[in-house]
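**Q** Got final_31.cif for you, mmCIF, C-alpha atoms:
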data_model
loop_
_atom_site.label_atom_id
_atom_site.label_comp_id
_atom_site.auth_asym_id
_atom_site.auth_seq_id
_atom_site.Cartn_x
_atom_site.Cartn_y
_atom_site.Cartn_z
CA MET A 20 -29.28 14.76 1.51
CA SER A 21 -25.85 13.94 2.97
CA LYS A 22 -22.21 13.71 2.07
CA ILE A 23 -21.11 10.18 2.93
CA ALA A 24 -17.67 8.71 3.49
CA SER A 25 -16.77 5.76 1.29
CA LYS A 26 -15.70 3.67 4.24
CA GLY A 27 -17.75 0.50 4.32
CA THR A 28 -18.69 0.31 0.64
CA VAL A 29 -18.32 -3.28 -0.52
CA LEU A 30 -18.50 -5.32 -3.72
CA LYS A 31 -20.10 -8.71 -3.22
CA LYS A 32 -20.31 -11.73 -5.49
CA SER A 33 -22.68 -14.62 -5.11
CA ILE A 34 -20.45 -17.59 -4.31
CA SER A 35 -22.28 -20.87 -3.68
CA ALA A 36 -25.52 -18.87 -3.37
CA VAL A 37 -24.12 -16.61 -0.65
CA PHE A 38 -23.21 -12.99 -1.38
CA THR A 39 -19.61 -12.71 -0.26
CA THR A 40 -17.50 -9.57 0.03
CA ILE A 41 -14.51 -9.35 -2.29
CA THR A 42 -11.86 -8.55 0.30
CA GLN A 43 -9.27 -5.79 0.60
CA LEU A 44 -10.61 -3.42 -2.03
CA GLU A 45 -9.52 0.23 -2.07
CA THR A 46 -11.60 1.46 -4.98
CA ILE A 47 -14.89 0.29 -6.40
CA ASN A 48 -16.18 1.83 -9.63
CA ALA A 49 -19.78 0.66 -9.89
CA PRO A 50 -21.10 -0.03 -13.40
CA GLU A 51 -21.61 3.14 -15.34
CA GLY A 52 -25.05 3.70 -16.82
CA VAL A 53 -24.80 5.38 -20.22
CA VAL A 54 -27.99 6.25 -22.09
CA GLN A 55 -27.54 5.67 -25.81
CA PHE A 56 -28.52 8.47 -28.12
CA SER A 57 -29.25 8.59 -31.79
CA ASP A 58 -28.46 11.63 -33.92
CA VAL A 59 -31.68 12.67 -35.64
CA THR A 60 -30.41 15.87 -37.17
CA ASP A 61 -31.95 16.50 -40.56
CA LEU A 62 -31.43 19.17 -43.19
CA SER A 63 -34.16 21.32 -41.68
CA SER A 64 -32.73 21.18 -38.16
CA SER A 65 -31.39 24.33 -36.60
CA VAL A 66 -27.67 24.75 -35.94
CA GLY A 67 -27.60 22.56 -32.82
CA ARG A 68 -27.58 18.83 -33.59
CA GLU A 69 -30.63 16.94 -32.41
CA LYS A 70 -30.35 13.73 -30.41
CA ILE A 71 -32.90 11.42 -28.87
CA PRO A 72 -32.53 8.39 -26.58
CA THR A 73 -32.63 5.09 -28.44
CA GLY A 74 -34.36 3.38 -25.56
CA TYR A 75 -31.22 1.41 -24.78
CA VAL A 76 -28.69 1.86 -22.00
CA GLU A 77 -25.08 0.76 -22.20
CA THR A 78 -24.00 -0.55 -18.83
CA GLY A 79 -20.27 0.07 -18.47
CA VAL A 80 -17.87 -2.28 -16.73
CA CYS A 81 -17.57 -2.45 -12.98
CA THR A 82 -13.94 -2.07 -11.94
CA ALA A 83 -12.29 -2.43 -8.58
CA SER A 84 -8.77 -2.27 -7.25
CA GLY A 85 -7.21 -3.21 -3.96
CA PHE A 86 -4.63 -5.26 -2.13
CA PHE A 87 -3.96 -8.68 -3.58
CA ASP A 88 -3.68 -11.76 -1.39
CA PRO A 89 -2.98 -14.87 -3.47
CA THR A 90 -4.41 -17.03 -0.65
CA ALA A 91 -7.65 -15.06 -0.17
CA THR A 92 -10.70 -17.19 -0.93
CA THR A 93 -12.53 -14.46 -2.82
CA HIS A 94 -9.49 -13.57 -4.93
CA LYS A 95 -9.03 -17.23 -5.84
CA ASN A 96 -12.71 -17.42 -6.75
CA LEU A 97 -12.25 -14.59 -9.24
CA THR A 98 -9.33 -16.34 -10.92
CA THR A 99 -11.44 -19.48 -11.19
CA ASP A 100 -13.91 -17.43 -13.24
CA ILE A 101 -11.04 -16.46 -15.51
CA THR A 102 -9.84 -19.98 -16.14
CA THR A 103 -13.38 -21.35 -16.47
CA PRO A 104 -15.84 -18.58 -17.33
CA PRO A 105 -19.30 -19.57 -16.07
CA SER A 106 -21.91 -20.28 -18.72
CA SER A 107 -24.38 -17.92 -17.07
CA ALA A 108 -23.87 -14.47 -15.63
CA GLN A 109 -22.97 -14.30 -11.96
CA SER A 110 -24.83 -12.18 -9.41
CA TRP A 111 -23.05 -9.17 -7.94
CA LYS A 112 -23.89 -6.29 -5.65
CA VAL A 113 -22.33 -2.99 -4.81
CA ILE A 114 -23.48 -2.11 -1.30
CA TRP A 115 -22.94 1.56 -0.56
CA SER A 116 -21.75 2.93 2.75
CA ASP A 117 -24.87 5.00 3.42
CA GLY A 118 -26.85 4.32 6.58
CA SER A 119 -29.35 2.19 4.67
CA ALA A 120 -26.66 0.00 3.05
CA THR A 121 -28.23 0.70 -0.33
CA GLU A 122 -27.69 -2.16 -2.76
CA TRP A 123 -27.06 -1.98 -6.48
CA PRO A 124 -27.36 -5.54 -7.77
CA PHE A 125 -26.32 -6.53 -11.27
CA SER A 126 -25.35 -9.60 -13.28
CA GLY A 127 -22.07 -10.09 -15.04
CA TRP A 128 -18.83 -11.97 -15.54
CA VAL A 129 -15.28 -11.46 -14.37
CA ALA A 130 -13.65 -10.00 -17.49
CA LYS A 131 -10.18 -9.12 -16.17
CA PHE A 132 -8.07 -10.02 -13.16
CA LYS A 133 -4.77 -8.17 -12.98
CA PRO A 134 -2.48 -8.69 -9.99
CA MET A 135 0.77 -6.75 -9.68
CA ALA A 136 3.89 -6.37 -7.57
CA ARG A 137 5.89 -3.14 -7.50
CA VAL A 138 8.98 -2.12 -5.53
CA GLY A 139 8.00 -0.40 -2.31
CA GLU A 140 4.32 -1.21 -2.58
CA PRO A 141 2.02 -3.97 -1.39
CA LEU A 142 0.69 -6.55 -3.83
CA LYS A 143 -2.18 -4.95 -5.69
CA LEU A 144 -4.92 -6.09 -8.00
CA ASP A 145 -7.28 -4.63 -10.57
CA ILE A 146 -10.46 -6.42 -11.53
CA GLU A 147 -13.04 -5.76 -14.18
CA ILE A 148 -16.54 -7.17 -14.32
CA GLN A 149 -18.56 -7.08 -17.52
CA PRO A 150 -22.23 -6.58 -16.64
CA THR A 151 -25.07 -7.82 -18.76
CA GLY A 152 -28.28 -5.85 -18.67
CA LEU A 153 -28.89 -2.95 -16.37
CA VAL A 154 -27.96 -2.36 -12.76
CA THR A 155 -31.04 -2.53 -10.60
CA TYR A 156 -31.20 0.98 -9.25
CA PRO A 157 -33.28 1.38 -6.11
CA THR A 158 -36.26 3.64 -6.36
CA MET B 5 3.62 -4.16 22.96
CA ALA B 6 6.89 -3.99 21.09
CA THR B 7 7.58 -0.99 18.89
CA ILE B 8 9.12 -0.87 15.46
CA GLU B 9 12.10 1.00 16.94
CA GLN B 10 12.67 -1.86 19.41
CA ALA B 11 12.36 -4.44 16.67
CA LEU B 12 14.87 -2.69 14.45
CA ARG B 13 17.25 -2.06 17.34
CA THR B 14 17.27 -5.76 18.16
CA LYS B 15 17.88 -6.66 14.55
CA ILE B 16 20.67 -4.13 14.06
CA ALA B 17 22.36 -5.01 17.36
CA ALA B 18 22.53 -8.63 16.25
CA LEU B 19 24.47 -7.82 13.08
CA SER B 20 28.07 -8.89 13.61
CA ALA B 21 29.47 -6.24 11.29
CA VAL B 22 27.68 -3.57 13.35
CA SER B 23 28.70 -4.87 16.77
CA ALA B 24 32.30 -4.88 15.54
CA ILE B 25 32.04 -1.09 15.20
CA THR B 26 29.67 -0.08 17.99
CA THR B 27 27.13 -1.35 20.48
CA THR B 28 25.63 2.12 21.09
CA ILE B 29 22.25 1.85 19.42
CA ARG B 30 19.41 3.99 20.69
CA PRO B 31 15.96 5.20 19.69
CA ASP B 32 15.78 8.89 18.74
CA LYS B 33 18.45 10.33 21.01
CA LEU B 34 21.81 9.52 22.55
CA SER B 35 22.24 9.71 26.30
CA GLN B 36 24.71 12.26 27.64
CA THR B 37 27.35 9.64 28.37
CA ASP B 38 27.17 7.88 25.01
CA THR B 39 30.18 8.09 22.74
CA TYR B 40 30.74 7.76 19.02
CA PRO B 41 30.35 5.84 16.84
CA SER B 42 26.67 5.39 17.50
CA VAL B 43 23.41 4.45 15.82
CA LEU B 44 20.12 6.24 16.32
CA ILE B 45 16.83 4.81 15.11
CA ALA B 46 13.95 7.20 14.53
CA CYS B 47 10.62 6.75 12.80
CA ASP B 48 9.98 9.76 10.56
CA GLN B 49 6.47 8.73 9.55
CA GLU B 50 4.11 5.81 9.28
CA GLU B 51 1.38 5.23 6.75
CA ASP B 52 -1.36 2.63 7.00
CA ASN B 53 -2.40 0.78 3.85
CA ASN B 54 -6.13 1.09 4.34
CA ASP B 55 -8.85 -0.50 2.27
CA LEU B 56 -12.51 0.52 2.10
CA SER B 57 -13.11 -1.02 5.50
CA ALA B 58 -10.81 1.75 6.83
CA THR B 59 -8.55 -0.87 8.32
CA SER B 60 -5.05 -1.79 7.30
CA GLY B 61 -2.99 -4.63 8.68
CA LEU B 62 0.10 -3.37 6.89
CA THR B 63 2.00 -0.26 7.97
CA THR B 64 4.66 1.40 5.84
CA ALA B 65 7.16 3.25 7.99
CA THR B 66 9.95 5.60 6.98
CA ILE B 67 12.79 4.90 9.38
CA ARG B 68 15.88 7.08 9.72
CA VAL B 69 18.89 5.07 10.86
CA ARG B 70 21.51 7.64 11.80
CA CYS B 71 25.14 6.53 11.88
CA ALA B 72 27.31 9.10 13.64
CA ALA B 73 31.07 8.94 14.03
CA GLU B 74 34.02 11.26 14.32
CA SER B 75 35.26 10.32 10.88
CA ARG B 76 33.44 10.05 7.57
CA TYR B 77 35.11 6.70 7.03
CA VAL B 78 33.62 5.17 10.18
CA SER B 79 30.15 6.68 9.68
CA ARG B 80 30.01 5.31 6.13
CA ASN B 81 31.26 1.88 7.18
CA LEU B 82 28.72 1.72 9.98
CA ALA B 83 25.90 2.53 7.56
CA ALA B 84 27.22 -0.12 5.18
CA ALA B 85 27.41 -2.64 8.02
CA ILE B 86 23.78 -2.03 8.89
CA LYS B 87 22.80 -2.35 5.25
CA SER B 88 24.69 -5.53 4.34
CA ASN B 89 26.31 -6.93 7.51
CA GLY B 90 29.55 -7.32 5.64
CA THR B 91 28.35 -10.13 3.37
CA ASN B 92 27.66 -10.41 -0.35
CA PRO B 93 24.80 -10.83 -0.94
CA GLY B 94 23.97 -8.71 2.07
CA SER B 95 22.49 -10.15 5.23
CA GLY B 96 21.84 -6.83 6.96
CA LEU B 97 18.77 -4.68 7.23
CA ALA B 98 18.39 -3.94 3.50
CA GLY B 99 16.19 -6.59 1.95
CA TRP B 100 15.51 -8.28 5.28
CA SER B 101 12.16 -9.72 6.29
CA GLY B 102 11.44 -11.58 9.50
CA THR B 103 10.14 -11.27 13.03
CA SER B 104 11.91 -9.23 15.68
CA GLU B 105 10.52 -8.47 19.14
CA THR B 106 7.19 -10.03 17.98
CA ILE B 107 6.85 -7.60 15.10
CA ALA B 108 6.56 -9.25 11.68
CA ILE B 109 8.56 -7.15 9.27
CA GLN B 110 7.59 -7.96 5.70
CA ALA B 111 10.24 -5.85 3.99
CA ALA B 112 12.99 -3.42 4.91
CA MET B 113 14.36 -1.47 1.96
CA LEU B 114 17.09 1.16 1.89
CA LEU B 115 15.78 4.13 -0.05
CA ARG B 116 18.76 6.52 0.17
CA ASN B 117 21.59 7.86 2.31
CA GLU B 118 21.80 11.49 3.40
CA PHE B 119 25.05 13.00 4.58
CA ASP B 120 25.84 15.72 7.08
CA PHE B 121 28.62 17.08 9.24
CA VAL B 122 27.94 18.73 12.58
CA PRO B 123 30.90 20.65 14.02
CA TYR B 124 31.44 20.57 17.78
CA GLY B 125 31.04 24.28 18.15
CA ASP B 126 34.22 24.66 20.18
CA ASP B 127 36.00 26.59 17.42
CA SER B 128 37.92 23.48 16.46
CA ASP B 129 37.44 21.86 13.08
CA GLU B 130 36.30 18.64 14.69
CA GLY B 131 32.79 17.35 14.58
CA VAL B 132 30.50 14.44 13.92
CA TYR B 133 30.06 12.88 10.50
CA ILE B 134 26.54 11.63 9.93
CA VAL B 135 25.05 9.18 7.48
CA ASP B 136 21.26 9.03 7.66
CA SER B 137 20.09 5.83 6.00
CA ILE B 138 16.43 6.18 5.10
CA TYR B 139 14.67 2.83 5.12
CA GLN B 140 11.13 1.93 4.11
CA VAL B 141 9.93 -0.76 6.50
CA ASP B 142 6.66 -2.57 5.83
CA TYR B 143 5.38 -4.45 8.85
CA THR B 144 2.25 -6.29 9.85
CA THR B 145 -0.04 -4.56 12.29
CA THR B 146 -3.44 -5.32 13.73
CA ALA B 147 -6.06 -4.48 11.11
#
Could I get this file's structure written as structure tokens?
**A**
Amino acid sequence: MSKIASKGTVLKKSISAVFTTITQLETINAPEGVVQFSDVTDLSSSVGREKIPTGYVETGVCTASGFFDPTATTHKNLTTDITTPPSSAQSWKVIWSDGSATEWPFSGWVAKFKPMARVGEPLKLDIEIQPTGLVTYPT
Amino acid sequence: MATIEQALRTKIAALSAVSAITTTIRPDKLSQTDTYPSVLIACDQEEDNNDLSATSGLTTATIRVRCAAESRYVSRNLAAAIKSNGTNPGSGLAGWSGTSETIAIQAAMLLRNEFDFVPYGDDSDEGVYIVDSIYQVDYTTTA
């Protein structure tokens, strides 16, 4: 078990059937896996409320932020998905910076693309991807 | 390889409003024979704008442009000349972007002026009036 620097972690999107790195990202928040629970407390339960998994998992959004380049091919590809959302979910991967380049693939759509300019700072962007289904966690 | 100090020196030396006051513009330190008024250019710090690849391509530098003169009036006017080059809107260092000594400067922004007075230490009441103009300079570097 190791502590690993984040350097080298990438977010890739399948563009024309080729997984392509979304460039110039500073932060990648991979989709959050949240197990759904149901409250099954009944009148005979003890003081602590009882909860059980429903069998469903809510996959949270994948967010990323970084430096915005209006001419970057991958940034322009994301805005294309905003103006014309694809009819089917796109393929994405978070590839971690561990020595094995562990991949977390998932499907989803670009949900938000937020570029910004601020005095004294480089152009920045925030993106949000709405997954569908579960991230494929490696075993 | 040119340095940011060289690039800014070249830019400042080319400002007509500056050259009308002084041509003594140096990095970090005056020489012993230099006289006032004078301009010193020093880089206080540099920060790289890194992404997850641990590379940058854009460096943000804090540059101290020190205007020193034997009167407050001249030191202030020299700092103003560097900032605006005597034009309105200004054509000096503040708000400038361009290439100097092969360095591509994306933005130079005046953040603040700091003031000081350094007496000569000869028991007179004479001394040097200083205006330190603190600039943020963003320039392109090799990623």
**Q** Taking only C-alpha atoms into account, which of A:Asp117, A:Pro141, A:Thr28, A:Thr82 comes nearest B:Gln110?
**A** A:Pro141
**Q** Select all residues near (15.1, -6.0, 15.4) (cut-off 12 Å, inclusive, file coordinates), counting all atoms listed in the file, and output them as a ChimeraX atom specification.
**A** /B:6-19,29,45,86,96-97,100-109,112,141,143
**Q** Could you tell me how far atom CA of A:Lys22 lies from atom CA of A:Trp115, in Å and to one decimal?
**A** 12.5 Å
**Q** Find, counting all atoms listed in the file, the residue in A:Thr40, A:Thr73, A:Thr78, A:Thr121 that gets nearest to chain B.
**A**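 Closest to chain B of all the choices is A:Thr40.
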**Q** Using all atoms listed in the file, which of the listed residues (B:Thr66, B:Thr39, B:Asn81, B:Asn89) sits closest to chain A?
**A** B:Thr66
**Q** When the cut-off is 6 Å and we count all atoms listed in the file, which residues of chain B are near chain A, given as a compact mmCIF listing (two decimals) with C-alpha atoms, in the frame of the given file?
**A**
# COMPACT_ATOMS: atom_id res chain seq x y z
CA ASP B 55 -8.85 -0.50 2.27
CA LEU B 56 -12.51 0.52 2.10
CA SER B 57 -13.11 -1.02 5.50
CA ALA B 58 -10.81 1.75 6.83
**Q** Find the residues around A:Phe125 up to 8 Å (only C-alpha atoms counted), leave out those fewer than 6 positions away in its own chain, and share them as a PyMOL selection string.
**A** chain A and resi 110-112+150-155
**Q** Pull out every residue that the PyMOL selection byres ((chain B and resi 113) around 7) matches in the shown coordinates and put them as a ChimeraX atom specification.
**A** /B:98-99,111-112,114-115,139-141
**Q** Can you turn the PyMOL selection byres ((chain A and resi 129-133) around 8) into a concrete residue list for this file, as a list in words?
**A**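 Checking the PyMOL selection byres ((chain A and resi 129-133) around 8) against this file, the residues are Leu97, Thr98, Asp100, Ile101, Pro104, Gly127, Trp128, Pro134, Met135, Leu144, Asp145, Ile146, Glu147, Ile148 and Gln149 of chain A.
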**Q** Measure the distance from atom CA of B:Ser75 to atom CA of B:Thr37 in Å and round it to one decimal.
**A**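 So the two atoms, atom CA of B:Ser75 and atom CA of B:Thr37, lie 19.2 Å apart.
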**Q** I'd like to see the residues matched by the PyMOL selection byres ((chain B and resi 79) around 9) on this file, and ideally I'd get them as JSON, numbers by chain.
**A** {"B": [41, 42, 70, 71, 72, 73, 74, 75, 76, 77, 78, 80, 81, 82, 83, 84, 132, 133, 134, 135]}
**Q** How many Å separate atom CA of A:Val76 from atom CA of A:Gly52?
**A**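 Computing the Euclidean distance for atom CA of A:Val76 and atom CA of A:Gly52 yields 6.6 Å.
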**Q** Could you tell me which of A:Ala36, A:Ile41, A:Leu142, A:Leu30 comes closest to A:Asp88 if we count all atoms listed in the file?
**A**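 Of all the options, A:Leu142 lies closest to A:Asp88.
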**Q** Which is closest to A:Ser33 among A:Thr90, A:Ser57, A:Ser126, A:Thr103, if we use all atoms listed in the file?
**A**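 Closest to A:Ser33 of all the choices is A:Ser126.
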**Q** Find the residues around B:Gly90 up to 7 Å (only C-alpha atoms counted), leave out those fewer than 4 positions away in its own chain, and share them as a list in words.
**A**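 Contacts, with the query itself left out: Ala21, Ala85 and Gly94 of chain B.
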**Q** I need the residues from that last selection saved to file as a compact mmCIF listing (two decimals), in the frame of the given file (with C-alpha atoms), if you can.
**A**
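The file below, out_14.txt, is the result:
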# COMPACT_ATOMS: atom_id res chain seq x y z
CA ALA B 21 29.47 -6.24 11.29
CA ALA B 85 27.41 -2.64 8.02
CA GLY B 94 23.97 -8.71 2.07
**Q** Near B:Ala65, counting all atoms listed in the file, which residues have an atom at most 7 Å away, once you skip same-chain residues fewer than 2 positions from it, shown as number ranges by chain?
**A** B: 47, 49-51, 63, 67, 140-142
